[in-house]
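*Asks:* Before anything else, here's the structure in question.
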Amino acid sequence: MKGKTNNPFGRPRGVPNRITSEQRQWVTKFLNDMRSDFLECWNLTDPDRRVGYYLKLMEFVIPKPSSITVDMELKQLENLLSKAPQQAIDQIAEKLNELHEQNNEHDD
């Protein structure tokens, strides 16, 4: 047995671990506290570099296309599930499970 825990089933899927949650809170507080300093530095930064920094920052607020593609594919398959014969449902269910696993890997 790998490790012992009071929860034999582990952390539920999609629930961030405590450390990740604490780190996000710390980073959020830090960024909020440093907002005015950041803007001062931003205005002093070379415009060419500013574009690169801007694009990097956008990655934190705009989801990557692969995530959107997986979500759209999931919705289409779920729609087909409601109308398909049993054999097709079994195949779709397998594909849905694969997509859910891929999507959860991106979220963790």
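So you can find residues: chains in the structure tokens are A, B, ... in the order shown, residues in each start at 1, and ligands are numbered from 1 in order.
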For the structure I just gave you, how does DSSP split chain A - specifically, which residues are helix (DSSP H, G or I)? Reply as a count of residues only.

*Replies:* 77

*Asks:* Pick out the closest residue to Glu105 of chain A from this set: A:Leu31, A:Leu57, A:Val70, A:Ile92. Count only C-alpha atoms.

*Replies:* A:Val70

*Asks:* Set the distance at 10 Å and use only C-alpha atoms: which residues neighbour segment 79-83 of chain A once local chain neighbours fewer than 6 positions away are removed? I'd like the list as a list in words.

*Replies:*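 So, after excluding close chain neighbours, the residues are Glu73, Ile89, Asp90, Gln91, Ile92, Ala93 and Leu96 of chain A.
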
*Asks:* Given only C-alpha atoms as the basis, pick out the residue of A:Val61, A:Asn17, A:Leu99, A:Ala88 nearest to Lys75 of chain A.

*Replies:* A:Leu99

*Asks:* How many Å lie between atom CA of Arg13 of chain A and atom CA of Ala84 of chain A, rounded to one decimal?

*Replies:*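 Calculated distance between atom CA of Arg13 of chain A and atom CA of Ala84 of chain A is 28.1 Å.
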